[in-house]
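Q: Contents of my_file.pdb (PDB, C-alpha atoms) are given next:
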```pdb
ATOM      1  CA  MET H   1       0.000   0.000   0.000
ATOM      2  CA  VAL H   2       1.213   3.491  -0.866
ATOM      3  CA  LYS H   3      -0.212   6.967  -0.493
ATOM      4  CA  VAL H   4      -1.506   8.409  -3.777
ATOM      5  CA  ALA H   5      -2.390  12.074  -4.300
ATOM      6  CA  VAL H   6      -4.795  13.026  -7.083
ATOM      7  CA  ALA H   7      -4.465  16.722  -7.927
ATOM      8  CA  ALA H   8      -7.405  18.742  -9.290
ATOM      9  CA  PRO H   9      -9.898  15.865  -9.428
ATOM     10  CA  GLY H  10     -12.176  16.546 -12.389
ATOM     11  CA  GLU H  11     -14.126  14.245 -14.690
ATOM     12  CA  VAL H  12     -11.288  12.039 -15.981
ATOM     13  CA  ALA H  13      -9.744  11.975 -12.521
ATOM     14  CA  ARG H  14     -13.012  10.714 -11.038
ATOM     15  CA  GLU H  15     -12.876   7.668 -13.312
ATOM     16  CA  VAL H  16      -9.327   6.927 -12.134
ATOM     17  CA  ILE H  17     -10.213   7.587  -8.497
ATOM     18  CA  ASP H  18     -13.064   5.065  -8.692
ATOM     19  CA  GLY H  19     -10.600   2.494 -10.001
ATOM     20  CA  LEU H  20      -8.084   3.193  -7.246
ATOM     21  CA  VAL H  21     -10.770   3.035  -4.566
ATOM     22  CA  ALA H  22     -12.105  -0.234  -5.988
ATOM     23  CA  SER H  23      -8.621  -1.777  -5.833
ATOM     24  CA  GLY H  24      -8.663  -1.228  -2.068
ATOM     25  CA  LYS H  25      -4.870  -1.128  -1.985
ATOM     26  CA  HIS H  26      -3.894   2.474  -1.374
ATOM     27  CA  GLU H  27      -4.495   5.551   0.734
ATOM     28  CA  ILE H  28      -5.896   8.210  -1.580
ATOM     29  CA  ILE H  29      -5.892  11.940  -0.965
ATOM     30  CA  LEU H  30      -7.472  14.498  -3.261
ATOM     31  CA  LEU H  31      -5.857  17.906  -3.642
ATOM     32  CA  ALA H  32      -8.620  20.317  -4.607
ATOM     33  CA  ARG H  33      -8.814  24.077  -4.880
ATOM     34  CA  ARG H  34     -12.015  24.285  -2.866
ATOM     35  CA  VAL H  35     -14.326  22.361  -0.600
ATOM     36  CA  CYS H  36     -17.128  20.569  -2.460
ATOM     37  CA  ASP H  37     -19.955  20.062  -0.004
ATOM     38  CA  GLY H  38     -21.872  16.868  -0.576
ATOM     39  CA  GLN H  39     -19.335  15.562  -3.095
ATOM     40  CA  GLU H  40     -17.025  13.642  -0.821
ATOM     41  CA  ILE H  41     -15.773  10.412  -2.382
ATOM     42  CA  LYS H  42     -15.851   7.353  -0.160
ATOM     43  CA  GLY H  43     -12.402   5.901   0.378
ATOM     44  CA  THR H  44     -10.593   9.209  -0.150
ATOM     45  CA  THR H  45      -9.575  12.237   1.875
ATOM     46  CA  ARG H  46     -10.095  15.665   0.317
ATOM     47  CA  LEU H  47      -7.631  18.423   1.170
ATOM     48  CA  VAL H  48      -8.031  22.024   0.052
ATOM     49  CA  ALA H  49      -4.720  23.084  -1.486
ATOM     50  CA  ASN H  50      -3.296  26.337  -2.785
ATOM     51  CA  PHE H  51      -1.738  25.441  -6.141
ATOM     52  CA  GLN H  52       0.257  28.672  -6.127
ATOM     53  CA  ASP H  53       1.851  27.931  -2.749
ATOM     54  CA  LYS H  54       4.667  25.370  -2.943
ATOM     55  CA  ALA H  55       5.083  25.259   0.826
ATOM     56  CA  ASP H  56       1.395  24.467   1.315
ATOM     57  CA  LEU H  57       1.528  21.772  -1.367
ATOM     58  CA  ALA H  58       4.708  20.235   0.064
ATOM     59  CA  GLN H  59       3.124  20.032   3.499
ATOM     60  CA  LYS H  60       0.083  18.243   2.107
ATOM     61  CA  LEU H  61       2.281  15.866   0.079
ATOM     62  CA  GLN H  62       4.191  14.550   3.070
ATOM     63  CA  GLY H  63       4.286  10.767   2.909
ATOM     64  CA  VAL H  64       2.877  10.656  -0.631
ATOM     65  CA  HIS H  65       4.438   8.090  -2.969
ATOM     66  CA  THR H  66       2.705   8.962  -6.266
ATOM     67  CA  VAL H  67       1.049  12.121  -7.577
ATOM     68  CA  LEU H  68      -1.453  11.955 -10.445
ATOM     69  CA  SER H  69      -2.144  15.413 -11.851
ATOM     70  CA  PHE H  70      -5.345  16.365 -13.644
ATOM     71  CA  VAL H  71      -4.825  20.128 -13.573
ATOM     72  CA  ASN H  72      -6.810  21.711 -16.402
ATOM     73  CA  ALA H  73      -4.174  22.486 -19.023
ATOM     74  CA  VAL H  74      -6.559  24.701 -21.013
ATOM     75  CA  SER H  75      -7.093  27.231 -18.244
ATOM     76  CA  ASP H  76      -3.781  26.871 -16.368
ATOM     77  CA  PRO H  77      -0.584  28.285 -17.951
ATOM     78  CA  GLY H  78       1.527  25.639 -16.237
ATOM     79  CA  ASP H  79       2.113  27.487 -12.970
ATOM     80  CA  ALA H  80       0.034  25.106 -10.870
ATOM     81  CA  GLN H  81       1.734  21.974 -12.159
ATOM     82  CA  ILE H  82       5.226  23.417 -11.864
ATOM     83  CA  ALA H  83       4.445  24.318  -8.262
ATOM     84  CA  LEU H  84       3.075  20.805  -7.755
ATOM     85  CA  ILE H  85       6.222  19.238  -9.242
ATOM     86  CA  ASP H  86       8.569  21.362  -7.111
ATOM     87  CA  ALA H  87       6.510  20.618  -4.009
ATOM     88  CA  SER H  88       6.624  16.906  -4.834
ATOM     89  CA  VAL H  89      10.424  17.021  -4.978
ATOM     90  CA  LYS H  90      10.558  18.894  -1.670
ATOM     91  CA  ALA H  91       8.191  16.394  -0.036
ATOM     92  CA  GLY H  92      10.139  13.370  -1.282
ATOM     93  CA  VAL H  93       7.449  12.063  -3.653
ATOM     94  CA  LYS H  94       8.765   9.145  -5.741
ATOM     95  CA  ARG H  95       6.514   9.270  -8.813
ATOM     96  CA  PHE H  96       4.662  11.975 -10.717
ATOM     97  CA  ALA H  97       2.217  11.856 -13.638
ATOM     98  CA  PRO H  98       1.559  15.294 -15.165
ATOM     99  CA  SER H  99      -1.784  16.215 -16.668
ATOM    100  CA  GLU H 100      -1.482  14.582 -20.091
ATOM    101  CA  TRP H 101      -4.295  12.095 -20.863
ATOM    102  CA  PHE H 102      -4.493  13.084 -24.552
ATOM    103  CA  LEU H 103      -2.276  13.236 -27.652
ATOM    104  CA  ALA H 104       1.418  12.497 -28.126
ATOM    105  CA  ARG H 105       2.296  15.992 -29.358
ATOM    106  CA  ASN H 106       0.686  19.392 -28.920
ATOM    107  CA  ASP H 107       2.311  21.238 -31.843
ATOM    108  CA  HIS H 108      -1.040  22.217 -33.338
ATOM    109  CA  LEU H 109      -2.819  22.763 -30.029
ATOM    110  CA  PRO H 110      -1.818  26.183 -28.667
ATOM    111  CA  TRP H 111      -4.369  26.009 -25.841
ATOM    112  CA  LEU H 112      -2.389  23.051 -24.467
ATOM    113  CA  ALA H 113       0.975  24.813 -24.541
ATOM    114  CA  SER H 114       1.261  24.410 -20.764
ATOM    115  CA  LYS H 115       1.694  20.652 -21.238
ATOM    116  CA  ASP H 116       4.965  21.262 -23.071
ATOM    117  CA  ILE H 117       6.094  23.714 -20.381
ATOM    118  CA  VAL H 118       5.475  21.049 -17.754
ATOM    119  CA  ARG H 119       7.242  18.358 -19.799
ATOM    120  CA  LYS H 120      10.332  20.572 -20.101
ATOM    121  CA  HIS H 121      10.301  21.335 -16.377
ATOM    122  CA  LEU H 122      10.273  17.619 -15.596
ATOM    123  CA  GLU H 123      13.180  17.068 -17.985
ATOM    124  CA  ASP H 124      15.124  19.979 -16.509
ATOM    125  CA  ILE H 125      14.822  18.931 -12.866
ATOM    126  CA  ASN H 126      16.043  15.440 -13.786
ATOM    127  CA  LYS H 127      18.848  16.577 -16.088
ATOM    128  CA  GLU H 128      21.736  16.099 -13.662
ATOM    129  CA  ASN H 129      20.267  13.465 -11.350
ATOM    130  CA  LYS H 130      16.911  11.754 -11.325
ATOM    131  CA  VAL H 131      14.988  13.411  -8.513
ATOM    132  CA  LEU H 132      11.453  12.537  -9.596
ATOM    133  CA  GLU H 133      10.343   9.516 -11.596
ATOM    134  CA  TYR H 134       7.581  10.395 -14.032
ATOM    135  CA  THR H 135       5.527   9.147 -16.941
ATOM    136  CA  LEU H 136       3.429  10.935 -19.550
ATOM    137  CA  PHE H 137       0.160   8.994 -19.606
ATOM    138  CA  GLN H 138      -0.952   9.542 -23.210
ATOM    139  CA  VAL H 139      -4.108   7.813 -24.406
ATOM    140  CA  GLY H 140      -5.151   9.440 -27.687
ATOM    141  CA  MET H 141      -8.908   9.880 -27.904
ATOM    142  CA  PHE H 142     -11.270   8.214 -25.471
ATOM    143  CA  MET H 143     -12.988   5.457 -27.434
ATOM    144  CA  ASP H 144     -16.089   6.153 -25.357
ATOM    145  CA  TYR H 145     -16.743   9.320 -27.368
ATOM    146  CA  LEU H 146     -17.601   7.136 -30.367
ATOM    147  CA  ALA H 147     -20.710   5.850 -28.599
ATOM    148  CA  GLY H 148     -22.432   9.235 -28.630
ATOM    149  CA  PRO H 149     -25.629   9.208 -26.540
ATOM    150  CA  ARG H 150     -25.058   5.553 -25.638
ATOM    151  CA  GLN H 151     -21.881   6.446 -23.759
ATOM    152  CA  LYS H 152     -21.823   4.676 -20.406
ATOM    153  CA  THR H 153     -18.924   6.297 -18.599
ATOM    154  CA  LYS H 154     -19.807   7.388 -15.103
ATOM    155  CA  HIS H 155     -18.148  10.784 -14.924
ATOM    156  CA  ILE H 156     -16.837  11.902 -18.338
ATOM    157  CA  GLY H 157     -19.229  14.074 -20.295
ATOM    158  CA  ARG H 158     -20.187  13.209 -23.859
ATOM    159  CA  ASN H 159     -17.973  14.670 -26.540
ATOM    160  CA  ASN H 160     -18.175  14.556 -30.301
ATOM    161  CA  PHE H 161     -14.587  14.954 -31.562
ATOM    162  CA  LEU H 162     -15.350  15.692 -35.222
ATOM    163  CA  ILE H 163     -18.527  13.602 -35.105
ATOM    164  CA  ASP H 164     -21.941  15.207 -34.742
ATOM    165  CA  HIS H 165     -23.852  12.284 -33.242
ATOM    166  CA  ARG H 166     -27.101  14.204 -33.130
ATOM    167  CA  GLY H 167     -26.898  15.196 -36.800
ATOM    168  CA  LYS H 168     -25.371  11.852 -37.899
ATOM    169  CA  ARG H 169     -22.509  13.558 -39.696
ATOM    170  CA  ALA H 170     -18.751  13.870 -39.363
ATOM    171  CA  LEU H 171     -15.761  15.941 -40.463
ATOM    172  CA  VAL H 172     -12.630  14.341 -41.899
ATOM    173  CA  PRO H 173      -9.423  15.868 -43.262
ATOM    174  CA  GLY H 174      -8.909  14.795 -46.851
ATOM    175  CA  SER H 175      -9.826  11.158 -47.405
ATOM    176  CA  GLY H 176     -10.296  10.322 -43.713
ATOM    177  CA  ASP H 177      -7.466   7.786 -43.704
ATOM    178  CA  HIS H 178      -5.313   9.594 -41.119
ATOM    179  CA  ARG H 179      -4.675   7.499 -38.033
ATOM    180  CA  LEU H 180      -5.263   8.154 -34.355
ATOM    181  CA  THR H 181      -5.338   6.159 -31.153
ATOM    182  CA  TYR H 182      -8.602   5.322 -29.402
ATOM    183  CA  THR H 183      -8.455   3.986 -25.839
ATOM    184  CA  ALA H 184     -11.457   3.088 -23.709
ATOM    185  CA  ILE H 185     -11.554   4.926 -20.380
ATOM    186  CA  GLU H 186     -11.894   1.614 -18.516
ATOM    187  CA  ASP H 187      -8.558   0.535 -20.008
ATOM    188  CA  VAL H 188      -6.932   3.840 -19.060
ATOM    189  CA  VAL H 189      -8.144   3.368 -15.489
ATOM    190  CA  ASN H 190      -7.011  -0.252 -15.292
ATOM    191  CA  ILE H 191      -3.532   0.528 -16.622
ATOM    192  CA  VAL H 192      -3.068   3.487 -14.266
ATOM    193  CA  VAL H 193      -4.083   1.305 -11.305
ATOM    194  CA  LYS H 194      -1.597  -1.355 -12.449
ATOM    195  CA  ALA H 195       1.075   1.321 -12.939
ATOM    196  CA  ILE H 196       0.757   2.389  -9.300
ATOM    197  CA  ASP H 197       1.658  -1.173  -8.274
ATOM    198  CA  TYR H 198       4.387  -1.633 -10.911
ATOM    199  CA  GLN H 199       7.739  -2.333  -9.273
ATOM    200  CA  GLY H 200       9.871  -1.338 -12.232
ATOM    201  CA  GLU H 201      10.787   2.175 -13.322
ATOM    202  CA  TRP H 202       8.036   4.169 -14.993
ATOM    203  CA  PRO H 203       8.733   4.898 -18.687
ATOM    204  CA  LYS H 204       9.089   8.594 -19.483
ATOM    205  CA  ASN H 205       6.811   8.251 -22.507
ATOM    206  CA  GLY H 206       3.765   6.418 -21.192
ATOM    207  CA  GLY H 207       1.536   5.560 -24.125
ATOM    208  CA  ILE H 208      -1.625   3.585 -23.367
ATOM    209  CA  ASN H 209      -2.748   2.389 -26.783
ATOM    210  CA  GLY H 210      -6.132   0.731 -27.118
ATOM    211  CA  VAL H 211      -6.625   0.721 -30.899
ATOM    212  CA  THR H 212      -4.801   2.759 -33.516
ATOM    213  CA  ALA H 213      -7.037   3.151 -36.555
ATOM    214  CA  THR H 214      -8.142   5.684 -39.146
ATOM    215  CA  LEU H 215     -10.695   8.355 -38.369
ATOM    216  CA  GLY H 216     -12.893   6.689 -40.969
ATOM    217  CA  GLN H 217     -12.814   3.429 -39.028
ATOM    218  CA  GLY H 218     -13.763   5.308 -35.871
ATOM    219  CA  ILE H 219     -16.743   6.828 -37.658
ATOM    220  CA  GLU H 220     -17.801   3.334 -38.759
ATOM    221  CA  VAL H 221     -17.863   2.327 -35.076
ATOM    222  CA  SER H 222     -20.209   5.237 -34.328
ATOM    223  CA  GLU H 223     -22.404   4.207 -37.262
ATOM    224  CA  LYS H 224     -22.684   0.631 -36.019
ATOM    225  CA  ILE H 225     -23.574   1.763 -32.504
ATOM    226  CA  SER H 226     -26.177   4.241 -33.735
ATOM    227  CA  GLY H 227     -27.484   1.971 -36.492
ATOM    228  CA  THR H 228     -27.336   4.899 -38.918
ATOM    229  CA  LYS H 229     -25.062   5.817 -41.797
ATOM    230  CA  PHE H 230     -23.348   9.165 -41.226
ATOM    231  CA  SER H 231     -22.824  11.940 -43.766
ATOM    232  CA  ILE H 232     -19.081  12.547 -44.183
ATOM    233  CA  GLU H 233     -17.759  16.009 -45.022
ATOM    234  CA  ALA H 234     -14.197  15.969 -46.339
ATOM    235  CA  LEU H 235     -12.178  19.120 -45.678
ATOM    236  CA  ASN H 236      -9.319  20.548 -47.698
ATOM    237  CA  ILE H 237      -6.057  20.022 -45.829
ATOM    238  CA  ASP H 238      -4.486  23.203 -47.230
ATOM    239  CA  ASP H 239      -7.378  25.207 -45.800
ATOM    240  CA  LEU H 240      -6.908  23.558 -42.416
ATOM    241  CA  ARG H 241      -3.175  24.223 -42.483
ATOM    242  CA  ALA H 242      -4.013  27.879 -43.113
ATOM    243  CA  GLY H 243      -6.177  27.832 -39.983
ATOM    244  CA  GLU H 244      -9.491  27.815 -41.816
ATOM    245  CA  LEU H 245     -12.346  25.444 -41.020
ATOM    246  CA  LYS H 246     -14.523  25.616 -44.128
ATOM    247  CA  SER H 247     -17.236  23.214 -43.041
ATOM    248  CA  SER H 248     -21.016  23.378 -43.194
ATOM    249  CA  PHE H 249     -21.230  22.581 -39.486
ATOM    250  CA  VAL H 250     -19.129  22.543 -36.330
ATOM    251  CA  PRO H 251     -19.763  19.678 -33.869
ATOM    252  CA  GLU H 252     -20.549  20.588 -30.284
ATOM    253  CA  LEU H 253     -17.707  20.368 -27.792
ATOM    254  CA  ASP H 254     -18.091  19.963 -24.051
ATOM    255  CA  HIS H 255     -15.112  20.700 -21.824
ATOM    256  CA  PRO H 256     -14.986  22.012 -18.235
ATOM    257  CA  ALA H 257     -12.638  24.819 -19.267
ATOM    258  CA  ILE H 258     -15.125  26.398 -21.672
ATOM    259  CA  ARG H 259     -18.479  25.741 -20.013
ATOM    260  CA  ASP H 260     -18.586  29.157 -18.360
ATOM    261  CA  LEU H 261     -17.582  31.137 -21.445
ATOM    262  CA  ASP H 262     -20.096  33.351 -23.214
ATOM    263  CA  GLU H 263     -21.581  31.781 -26.333
ATOM    264  CA  ALA H 264     -19.600  33.850 -28.841
ATOM    265  CA  THR H 265     -16.255  33.147 -27.161
ATOM    266  CA  LYS H 266     -17.118  29.482 -26.767
ATOM    267  CA  ALA H 267     -18.083  29.167 -30.455
ATOM    268  CA  GLY H 268     -14.794  30.764 -31.509
ATOM    269  CA  PHE H 269     -12.791  28.440 -29.302
ATOM    270  CA  ILE H 270     -14.598  25.334 -30.548
ATOM    271  CA  LYS H 271     -14.042  26.221 -34.200
ATOM    272  CA  ALA H 272     -10.340  26.901 -33.603
ATOM    273  CA  ALA H 273     -10.040  23.722 -31.543
ATOM    274  CA  TYR H 274     -11.464  21.520 -34.268
ATOM    275  CA  THR H 275      -9.244  23.142 -36.895
ATOM    276  CA  SER H 276      -6.210  22.408 -34.732
ATOM    277  CA  LEU H 277      -7.322  18.871 -33.883
ATOM    278  CA  LEU H 278      -7.788  18.055 -37.553
ATOM    279  CA  MET H 279      -4.248  19.231 -38.289
ATOM    280  CA  ALA H 280      -2.896  17.246 -35.348
ATOM    281  CA  LEU H 281      -4.559  14.231 -36.909
ATOM    282  CA  VAL H 282      -3.071  14.967 -40.336
ATOM    283  CA  ASP H 283       0.456  15.290 -38.936
ATOM    284  CA  GLY H 284       0.298  12.099 -36.864
ATOM    285  CA  ASP H 285       0.204  13.768 -33.449
ATOM    286  CA  ALA H 286      -2.866  11.748 -32.419
ATOM    287  CA  VAL H 287      -1.085   8.372 -32.490
ATOM    288  CA  VAL H 288       0.384   7.569 -29.067
ATOM    289  CA  GLY H 289       2.983   4.995 -28.091
ATOM    290  CA  ASP H 290       2.420   1.586 -26.518
ATOM    291  CA  GLU H 291       4.920   1.740 -23.658
ATOM    292  CA  TRP H 292       2.434   0.586 -21.011
ATOM    293  CA  ASN H 293       1.017  -2.069 -23.345
ATOM    294  CA  ARG H 294       4.490  -3.619 -23.519
ATOM    295  CA  ILE H 295       4.948  -3.458 -19.753
ATOM    296  CA  PHE H 296       1.661  -5.324 -19.254
ATOM    297  CA  PRO H 297       1.625  -7.611 -22.333
ATOM    298  CA  HIS H 298      -1.065  -9.923 -20.961
ATOM    299  CA  TYR H 299      -3.601  -7.165 -20.431
ATOM    300  CA  LYS H 300      -6.365  -7.319 -23.056
ATOM    301  CA  PHE H 301      -7.468  -3.917 -24.291
ATOM    302  CA  LEU H 302     -11.002  -3.273 -25.487
ATOM    303  CA  GLY H 303     -11.123  -3.496 -29.276
ATOM    304  CA  PHE H 304     -13.701  -1.931 -31.560
ATOM    305  CA  ASP H 305     -15.844  -5.084 -31.774
ATOM    306  CA  GLU H 306     -15.968  -5.517 -28.004
ATOM    307  CA  PHE H 307     -16.647  -1.811 -27.549
ATOM    308  CA  ILE H 308     -19.576  -1.928 -29.989
ATOM    309  CA  SER H 309     -21.066  -4.967 -28.242
ATOM    310  CA  LYS H 310     -20.669  -3.339 -24.851
ATOM    311  CA  SER H 311     -22.217  -0.074 -26.030
ATOM    312  CA  LEU H 312     -25.235  -1.888 -27.444
ATOM    313  CA  SER H 313     -25.802  -4.083 -24.386
TER     314      SER H 313
END
```
As structure tokens, how would this structure be written, given the file I've shared?

A:
Amino acid sequence: MVKVAVAAPGEVAREVIDGLVASGKHEIILLARRVCDGQEIKGTTRLVANFQDKADLAQKLQGVHTVLSFVNAVSDPGDAQIALIDASVKAGVKRFAPSEWFLARNDHLPWLASKDIVRKHLEDINKENKVLEYTLFQVGMFMDYLAGPRQKTKHIGRNNFLIDHRGKRALVPGSGDHRLTYTAIEDVVNIVVKAIDYQGEWPKNGGINGVTATLGQGIEVSEKISGTKFSIEALNIDDLRAGELKSSFVPELDHPAIRDLDEATKAGFIKAAYTSLLMALVDGDAVVGDEWNRIFPHYKFLGFDEFISKSLS
């Protein structure tokens, strides 16, 4: 048993927390910015932490073995995670997982620039001597998004990612044969729980790779689950590279960082986000590694066929 700290427990974090609690192996503390009355999670201890105060964080991290960060990279410029990393070193934390949980590279995603700042900080503090073991848990796209309204995750909100489930239509760059990684949230949770118990050294690049397939194949999964053929709108890649989304529609996007924005600002962000995501797909940034797959070779990941059957059950 070790002490695990989960920082900024949001929707994805709640899925992981449920998995850690269900394992019954570890002491789990939640580092949150505020008290959430009536939202206490059985099997955990919630501590209100100041993510700008390294001394406060270090005090709360005393005795912690592993920190899992879910700090919102869209709204935080990196300050909170850098403070969390430095406090972890001061407190003697052994392992740290920064707030990744998405693509392998963020070159086309300026709103996630803080992820690269955090990655560099982790590299820098370990340059001379390893002071903090870490892994970048990268999962690609949650396969669960392909199920649309049938999605059965407990905490993660429904998201479209280029697919308008309500309108039965989808956007693709060019021919739609660009590849990306889809990983079911249950597999992400199971691998993270196993990683906490892993006795070897965490890999720096921590890809969790469920299925790597084309966007077109992902759309076919959504079609099978919905029982409806989708209308596919192919977009010109040169337009996308110029930052222009010339589509007849823009799928809805739900993310905690933009829920409180006014409608005009939110619409602008969503359009820019999809333009950037399409280019990330074109340039191969959405395919993640399989480092954790190789560490746990006997673990069976959910494939498309199993995911479809489970979604329809």

Q: To verify the selection step, state as a PyMOL selection string which residues the PyMOL selection byres ((chain H and resi 33) around 9) yields on this input.

A: chain H and resi 8+31-32+34-35+47-51

Q: Considering all atoms listed in the file, return as a count of residues only whatever protein or nucleic-acid residues lie within 8 Å of Phe137 (chain H), sequence-local ones (same chain, fewer than 2 positions apart) excluded.

A: 11

Q: Between H:Leu261, H:Ala87, H:Val21, H:Val4, which residue has the minimum interatomic distance to Val67 (chain H), considering only C-alpha atoms?

A: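 Closest to Val67 (chain H) of all the choices is H:Val4.
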
Q: Taking 6 positions as the minimum chain separation for residues in the same chain, which residues sit within 10 Å of Ile258 (chain H) when counting only C-alpha atoms? Answer as a ChimeraX atom specification.

A: /H:74-75,265-267,269-270

Q: When you look at Leu180 (chain H) with a cut-off of 9 Å (counting only C-alpha atoms), what residues show up, excluding the ones that are within fewer than 2 positions of it in the same chain? I need them as a PyMOL selection string.

A: chain H and resi 103+140-141+178+182+211-215+281+284-288
